[in-house]
$ cat query.pdb   # PDB, C-alpha atoms
MODEL        1
ATOM      1  CA  MET A   1      24.022  -0.723  63.782
ATOM      2  CA  ILE A   2      26.431  -0.616  60.837
ATOM      3  CA  ILE A   3      29.275   1.833  61.017
ATOM      4  CA  LEU A   4      30.712   2.874  57.655
ATOM      5  CA  SER A   5      34.161   4.224  57.260
ATOM      6  CA  HIS A   6      35.008   7.441  55.502
ATOM      7  CA  ARG A   7      36.600   5.531  52.629
ATOM      8  CA  SER A   8      33.472   3.398  51.929
ATOM      9  CA  LEU A   9      31.276   6.520  51.958
ATOM     10  CA  LEU A  10      33.502   8.146  49.338
ATOM     11  CA  THR A  11      33.378   5.072  47.064
ATOM     12  CA  MET A  12      29.582   4.948  47.356
ATOM     13  CA  GLN A  13      29.333   8.623  46.485
ATOM     14  CA  THR A  14      31.548   8.280  43.378
ATOM     15  CA  ALA A  15      29.597   5.177  42.259
ATOM     16  CA  LEU A  16      26.332   7.102  42.635
ATOM     17  CA  GLN A  17      27.689  10.015  40.581
ATOM     18  CA  GLU A  18      28.892   7.673  37.820
ATOM     19  CA  ALA A  19      25.491   5.959  37.721
ATOM     20  CA  CYS A  20      23.694   9.331  37.439
ATOM     21  CA  GLU A  21      26.006  10.427  34.595
ATOM     22  CA  ALA A  22      25.486   7.142  32.707
ATOM     23  CA  HIS A  23      21.727   7.475  33.130
ATOM     24  CA  GLU A  24      21.733  11.055  31.778
ATOM     25  CA  LYS A  25      23.869   9.992  28.781
ATOM     26  CA  SER A  26      21.467   7.187  27.914
ATOM     27  CA  GLN A  27      18.506   9.578  28.225
ATOM     28  CA  ASP A  28      20.191  12.044  25.863
ATOM     29  CA  ARG A  29      20.987   9.265  23.380
ATOM     30  CA  ARG A  30      17.361   8.015  23.402
ATOM     31  CA  THR A  31      16.053  11.582  22.989
ATOM     32  CA  ASN A  32      18.343  12.219  19.995
ATOM     33  CA  LEU A  33      17.317   8.942  18.324
ATOM     34  CA  LYS A  34      13.625   9.651  18.832
ATOM     35  CA  ASN A  35      13.905  13.220  17.512
ATOM     36  CA  ALA A  36      16.040  12.271  14.498
ATOM     37  CA  GLY A  37      13.059  11.643  12.193
ATOM     38  CA  ARG A  38      10.734  14.204  13.736
ATOM     39  CA  ARG A  39       9.508  16.973  11.455
ATOM     40  CA  ASP A  40       9.407  20.626  12.404
ATOM     41  CA  THR A  41       5.912  21.308  13.738
ATOM     42  CA  ALA A  42       6.133  25.069  14.155
ATOM     43  CA  PHE A  43       3.316  26.918  12.394
ATOM     44  CA  ASN A  44       2.720  30.642  12.081
ATOM     45  CA  GLU A  45      -0.547  32.563  12.197
ATOM     46  CA  GLY A  46      -2.213  32.543   8.788
ATOM     47  CA  ASP A  47      -0.625  29.264   7.638
ATOM     48  CA  ARG A  48      -2.864  26.791   5.847
ATOM     49  CA  VAL A  49      -2.996  23.288   7.316
ATOM     50  CA  LEU A  50      -4.825  19.977   6.869
ATOM     51  CA  VAL A  51      -6.392  18.335   9.931
ATOM     52  CA  ASP A  52      -6.437  14.556  10.512
ATOM     53  CA  THR A  53      -9.927  13.087  10.509
ATOM     54  CA  HIS A  54     -11.038  10.371  12.914
ATOM     55  CA  VAL A  55     -14.204   8.920  11.425
ATOM     56  CA  LEU A  56     -15.784   5.666  12.553
ATOM     57  CA  SER A  57     -17.284   2.947  10.404
ATOM     58  CA  LYS A  58     -21.076   2.696  10.434
ATOM     59  CA  ALA A  59     -22.513  -0.575   9.166
ATOM     60  CA  SER A  60     -26.074   0.747   9.365
ATOM     61  CA  GLN A  61     -25.191   3.480   6.855
ATOM     62  CA  GLN A  62     -22.861   1.186   4.862
ATOM     63  CA  PHE A  63     -19.901   3.490   5.518
ATOM     64  CA  THR A  64     -16.340   2.239   5.959
ATOM     65  CA  SER A  65     -13.768   4.517   7.575
ATOM     66  CA  LYS A  66     -11.020   2.762   5.603
ATOM     67  CA  PHE A  67     -12.137   4.555   2.440
ATOM     68  CA  ALA A  68     -12.757   7.944   4.082
ATOM     69  CA  PRO A  69     -10.250  10.767   3.474
ATOM     70  CA  LYS A  70      -7.463  10.808   6.052
ATOM     71  CA  ARG A  71      -7.248  14.624   6.235
ATOM     72  CA  ASP A  72      -9.690  17.514   5.909
ATOM     73  CA  GLY A  73      -9.021  21.074   4.963
ATOM     74  CA  PRO A  74      -7.381  23.421   4.281
ATOM     75  CA  TYR A  75      -7.904  25.511   7.417
ATOM     76  CA  LEU A  76      -6.189  28.659   8.647
ATOM     77  CA  ILE A  77      -4.211  28.914  11.865
ATOM     78  CA  GLN A  78      -5.883  31.737  13.752
ATOM     79  CA  ARG A  79      -3.471  31.907  16.694
ATOM     80  CA  MET A  80      -1.007  29.888  18.758
ATOM     81  CA  LEU A  81      -2.323  28.844  22.167
ATOM     82  CA  SER A  82       0.817  26.991  23.279
ATOM     83  CA  PRO A  83       3.944  25.681  21.501
ATOM     84  CA  THR A  84       1.978  22.562  20.511
ATOM     85  CA  THR A  85      -1.668  23.748  20.341
ATOM     86  CA  TYR A  86      -3.237  25.988  17.703
ATOM     87  CA  MET A  87      -6.663  27.580  17.242
ATOM     88  CA  LEU A  88      -8.014  26.952  13.732
ATOM     89  CA  SER A  89     -10.562  28.816  11.629
ATOM     90  CA  SER A  90     -12.085  28.249   8.208
ATOM     91  CA  ILE A  91     -10.716  30.028   5.158
ATOM     92  CA  ASP A  92     -14.106  31.604   4.416
ATOM     93  CA  GLN A  93     -14.496  33.055   7.954
ATOM     94  CA  PRO A  94     -11.016  33.690   9.383
ATOM     95  CA  ASP A  95     -12.363  35.541  12.453
ATOM     96  CA  LYS A  96     -14.600  32.704  13.661
ATOM     97  CA  PRO A  97     -12.631  29.980  15.502
ATOM     98  CA  ILE A  98     -13.472  26.335  14.797
ATOM     99  CA  GLY A  99     -11.493  24.563  17.506
ATOM    100  CA  LYS A 100      -8.153  23.697  19.075
ATOM    101  CA  ASN A 101      -5.822  21.119  17.535
ATOM    102  CA  HIS A 102      -2.510  19.599  18.522
ATOM    103  CA  THR A 103       0.433  19.778  16.121
ATOM    104  CA  SER A 104       0.420  15.986  15.735
ATOM    105  CA  ALA A 105      -2.975  16.276  13.959
ATOM    106  CA  LEU A 106      -1.850  19.076  11.616
ATOM    107  CA  THR A 107      -0.110  18.753   8.258
ATOM    108  CA  PRO A 108       1.185  21.726   6.233
ATOM    109  CA  TYR A 109      -1.003  22.412   3.194
ATOM    110  CA  LYS A 110       0.678  22.747  -0.183
ATOM    111  CA  GLU A 111      -1.178  24.360  -3.077
ATOM    112  CA  PRO A 112      -1.692  21.837  -5.902
ATOM    113  CA  THR A 113       0.218  22.543  -9.105
ATOM    114  CA  ALA A 114      -0.152  21.162 -12.618
ATOM    115  CA  GLU A 115       2.512  18.552 -11.815
ATOM    116  CA  ASP A 116       0.516  17.318  -8.796
ATOM    117  CA  THR A 117      -2.598  16.642 -10.875
ATOM    118  CA  SER A 118      -0.903  14.147 -13.192
ATOM    119  CA  PRO A 119      -1.024  10.521 -11.997
ATOM    120  CA  ILE A 120       2.079   8.984 -10.464
ATOM    121  CA  LEU A 121       1.785   5.807 -12.549
ATOM    122  CA  PRO A 122      -0.523   6.253 -15.548
ATOM    123  CA  ILE A 123      -2.998   3.431 -16.135
ATOM    124  CA  ARG A 124      -2.007   1.216 -19.033
ATOM    125  CA  LYS A 125      -4.356  -0.454 -21.451
ATOM    126  CA  ARG A 126      -4.588  -4.108 -20.538
ATOM    127  CA  GLY A 127      -4.507  -7.083 -22.893
ATOM    128  CA  ARG A 128      -2.314  -8.222 -25.719
ATOM    129  CA  PRO A 129      -0.408  -5.674 -27.750
ATOM    130  CA  PRO A 130      -1.897  -4.999 -31.195
ATOM    131  CA  GLY A 131      -0.651  -7.019 -34.185
ATOM    132  CA  ARG A 132      -0.265 -10.350 -32.394
ATOM    133  CA  ARG A 133      -2.586 -13.323 -32.509
ATOM    134  CA  ASN A 134      -1.993 -16.738 -30.934
ATOM    135  CA  GLY A 135       1.529 -15.701 -30.045
ATOM    136  CA  HIS A 136       2.571 -15.159 -33.683
ATOM    137  CA  PRO A 137       3.510 -11.796 -35.141
ATOM    138  CA  GLU A 138       1.440 -10.574 -38.061
ATOM    139  CA  ASN A 139       2.349  -8.351 -40.909
ATOM    140  CA  LEU A 140       0.648  -5.044 -41.538
ATOM    141  CA  LEU A 141      -2.055  -6.580 -43.748
ATOM    142  CA  GLY A 142      -3.268  -8.780 -40.918
ATOM    143  CA  GLU A 143      -2.128 -12.049 -42.483
ATOM    144  CA  SER A 144      -0.487 -14.353 -40.014
ATOM    145  CA  SER A 145       2.908 -15.876 -40.687
ATOM    146  CA  SER A 146       1.736 -19.307 -39.508
ATOM    147  CA  PRO A 147      -1.197 -21.281 -40.836
ATOM    148  CA  VAL A 148      -4.299 -20.795 -38.740
ATOM    149  CA  GLN A 149      -7.406 -22.904 -39.163
ATOM    150  CA  SER A 150     -10.350 -21.053 -40.584
ATOM    151  CA  ALA A 151     -13.504 -20.676 -38.537
ATOM    152  CA  ASP A 152     -15.411 -22.744 -41.147
ATOM    153  CA  SER A 153     -13.483 -25.987 -40.462
ATOM    154  CA  ASP A 154     -14.960 -28.400 -37.966
ATOM    155  CA  GLU A 155     -12.467 -30.067 -35.634
ATOM    156  CA  ASP A 156     -14.930 -32.776 -34.559
ATOM    157  CA  ASP A 157     -15.299 -34.231 -38.092
ATOM    158  CA  PRO A 158     -13.591 -37.613 -38.603
ATOM    159  CA  PRO A 159     -10.697 -37.783 -41.044
ATOM    160  CA  PRO A 160     -11.910 -38.043 -44.626
ATOM    161  CA  GLY A 161     -11.904 -41.446 -46.286
ATOM    162  CA  LEU A 162     -12.932 -43.555 -43.283
ATOM    163  CA  PRO A 163     -15.978 -45.796 -43.753
ATOM    164  CA  ILE A 164     -18.918 -45.251 -41.419
ATOM    165  CA  ALA A 165     -18.222 -48.497 -39.543
ATOM    166  CA  GLN A 166     -14.729 -47.370 -38.659
ATOM    167  CA  GLU A 167     -16.009 -43.990 -37.446
ATOM    168  CA  ALA A 168     -17.716 -45.726 -34.537
ATOM    169  CA  ALA A 169     -14.466 -47.513 -33.681
ATOM    170  CA  ILE A 170     -12.659 -44.206 -33.089
ATOM    171  CA  PRO A 171     -12.084 -43.896 -29.311
ATOM    172  CA  SER A 172     -13.959 -41.185 -27.439
ATOM    173  CA  TYR A 173     -10.761 -39.648 -26.080
ATOM    174  CA  THR A 174      -8.623 -37.409 -28.208
ATOM    175  CA  VAL A 175      -4.879 -37.532 -28.224
ATOM    176  CA  ARG A 176      -3.286 -34.102 -27.988
ATOM    177  CA  GLU A 177       0.335 -33.264 -28.414
ATOM    178  CA  GLY A 178       2.377 -31.851 -25.559
ATOM    179  CA  ARG A 179       1.450 -31.694 -21.909
ATOM    180  CA  GLY A 180      -1.801 -33.119 -20.664
ATOM    181  CA  GLN A 181      -2.073 -36.052 -23.056
ATOM    182  CA  ARG A 182      -4.865 -38.415 -22.214
ATOM    183  CA  LYS A 183      -3.827 -42.045 -22.130
ATOM    184  CA  PRO A 184      -6.057 -44.845 -23.451
ATOM    185  CA  PRO A 185      -7.984 -46.714 -20.739
ATOM    186  CA  ARG A 186      -6.180 -49.692 -19.186
ATOM    187  CA  LYS A 187      -7.382 -53.160 -20.070
ATOM    188  CA  LYS A 188      -8.548 -55.263 -17.173
ATOM    189  CA  CYS A 189      -6.782 -58.556 -16.726
ATOM    190  CA  PRO A 190      -8.900 -61.654 -17.537
ATOM    191  CA  CYS A 191      -8.624 -63.141 -14.056
ATOM    192  CA  CYS A 192     -10.432 -60.254 -12.322
TER     193      CYS A 192
ENDMDL
END
$ encode --input "query.pdb" --output "structure tokens"
Amino acid sequence: MIILSHRSLLTMQTALQEACEAHEKSQDRRTNLKNAGRRDTAFNEGDRVLVDTHVLSKASQQFTSKFAPKRDGPYLIQRMLSPTTYMLSSIDQPDKPIGKNHTSALTPYKEPTAEDTSPILPIRKRGRPPGRRNGHPENLLGESSSPVQSADSDEDDPPPGLPIAQEAAIPSYTVREGRGQRKPPRKKCPCC
């Protein structure tokens, strides 16, 4: 049997009180941090709300829940059942209850205005801006400032003035300027 002195009992009691106070302070700090971004979820009777939907995907019906609307409504709050639970009814029949919902599934409904109907980022026309062709600006008449080959010219024709025998001697590869030039084939050494 262990006999404790009066002094050791007092130190244990003060240590226990300090630990309880530290624990309560940390609980308060965690509660304040968690509630910092929380929105006010108090609704009144007659308020319009949207209700979160929880639909499931159905492959047999080719339905994907990813593309389903996230909320349904608006609905009316018929009455408050508890601080966090509300009885909802439809707008057409406000006396007939539909069901109970928790505040976490409810979102306040805002009437759409003319500003809400306009798109956030309007869709732009894609492609090149008008008045430019092949990266060169054109004047108003549509004539380009740089020479452009006409559609009638054939790029595969040999240069004029070459005899027919020399046309066959032209290599099958074409040499282009800039990146991606094709090099002539390497000659094999005579010993191989």
$ atom_distance --input "query.pdb" --atom1 "CA of Gly99 in chain A" --atom2 "CA of Arg71 in chain A"
15.6 Å
$ axis_aligned_box --input "query.pdb" --around "range 44-61 of chain A" --padding-each-side "6 Å" --output "lines of an AutoDock Vina configuration file"
center_x = -11.7
center_y = 16.0
center_z = 9.4
size_x = 40.8
size_y = 45.1
size_z = 19.1
$ residues_around --input "query.pdb" --residues "Glu111 in chain A" --least-positions-apart "2" --cutoff "12 Å" --atoms "all atoms listed in the file" --output "list in words"
Asp47, Arg48, Val49, Leu50, Gly73, Pro74, Pro108, Tyr109, Thr113, Ala114, Glu115, Asp116 and Thr117 of chain A
$ atom_distance --input "query.pdb" --atom1 "CA of Ser90 in chain A" --atom2 "CA of Thr41 in chain A"
20.1 Å
$ resolve_selection --input "query.pdb" --expression "the PyMOL selection byres ((chain A and resi 89) around 12)" --output "ChimeraX atom specification"
/A:45-51,73-80,86-88,90-101
$ write_last_selection --input "query.pdb" --atoms "C-alpha atoms" --output "short mmCIF file (atom, residue, chain, number, x, y, z; two decimals), in the coordinates of the input"
data_model
loop_
_atom_site.label_atom_id
_atom_site.label_comp_id
_atom_site.auth_asym_id
_atom_site.auth_seq_id
_atom_site.Cartn_x
_atom_site.Cartn_y
_atom_site.Cartn_z
CA GLU A 45 -0.55 32.56 12.20
CA GLY A 46 -2.21 32.54 8.79
CA ASP A 47 -0.62 29.26 7.64
CA ARG A 48 -2.86 26.79 5.85
CA VAL A 49 -3.00 23.29 7.32
CA LEU A 50 -4.82 19.98 6.87
CA VAL A 51 -6.39 18.34 9.93
CA GLY A 73 -9.02 21.07 4.96
CA PRO A 74 -7.38 23.42 4.28
CA TYR A 75 -7.90 25.51 7.42
CA LEU A 76 -6.19 28.66 8.65
CA ILE A 77 -4.21 28.91 11.86
CA GLN A 78 -5.88 31.74 13.75
CA ARG A 79 -3.47 31.91 16.69
CA MET A 80 -1.01 29.89 18.76
CA TYR A 86 -3.24 25.99 17.70
CA MET A 87 -6.66 27.58 17.24
CA LEU A 88 -8.01 26.95 13.73
CA SER A 90 -12.08 28.25 8.21
CA ILE A 91 -10.72 30.03 5.16
CA ASP A 92 -14.11 31.60 4.42
CA GLN A 93 -14.50 33.06 7.95
CA PRO A 94 -11.02 33.69 9.38
CA ASP A 95 -12.36 35.54 12.45
CA LYS A 96 -14.60 32.70 13.66
CA PRO A 97 -12.63 29.98 15.50
CA ILE A 98 -13.47 26.34 14.80
CA GLY A 99 -11.49 24.56 17.51
CA LYS A 100 -8.15 23.70 19.08
CA ASN A 101 -5.82 21.12 17.54
#
$ resolve_selection --input "query.pdb" --expression "the PyMOL selection byres ((chain A and resi 70) around 12)" --output "list of chain:residue names"
A:Leu50, A:Val51, A:Asp52, A:Thr53, A:His54, A:Val55, A:Leu56, A:Ser65, A:Lys66, A:Phe67, A:Ala68, A:Pro69, A:Arg71, A:Asp72, A:Gly73, A:Ala105, A:Leu106, A:Thr107
$ resolve_selection --input "query.pdb" --expression "the PyMOL selection byres ((chain A and resi 42) around 9)" --output "short mmCIF file (atom, residue, chain, number, x, y, z; two decimals) with C-alpha atoms, keeping the file's coordinate frame"
data_model
loop_
_atom_site.label_atom_id
_atom_site.label_comp_id
_atom_site.auth_asym_id
_atom_site.auth_seq_id
_atom_site.Cartn_x
_atom_site.Cartn_y
_atom_site.Cartn_z
CA ASP A 40 9.41 20.63 12.40
CA THR A 41 5.91 21.31 13.74
CA PHE A 43 3.32 26.92 12.39
CA ASN A 44 2.72 30.64 12.08
CA PRO A 83 3.94 25.68 21.50
CA THR A 84 1.98 22.56 20.51
CA THR A 103 0.43 19.78 16.12
#
$ atom_distance --input "query.pdb" --atom1 "CA of Arg39 in chain A" --atom2 "CA of Leu121 in chain A"
27.6 Å
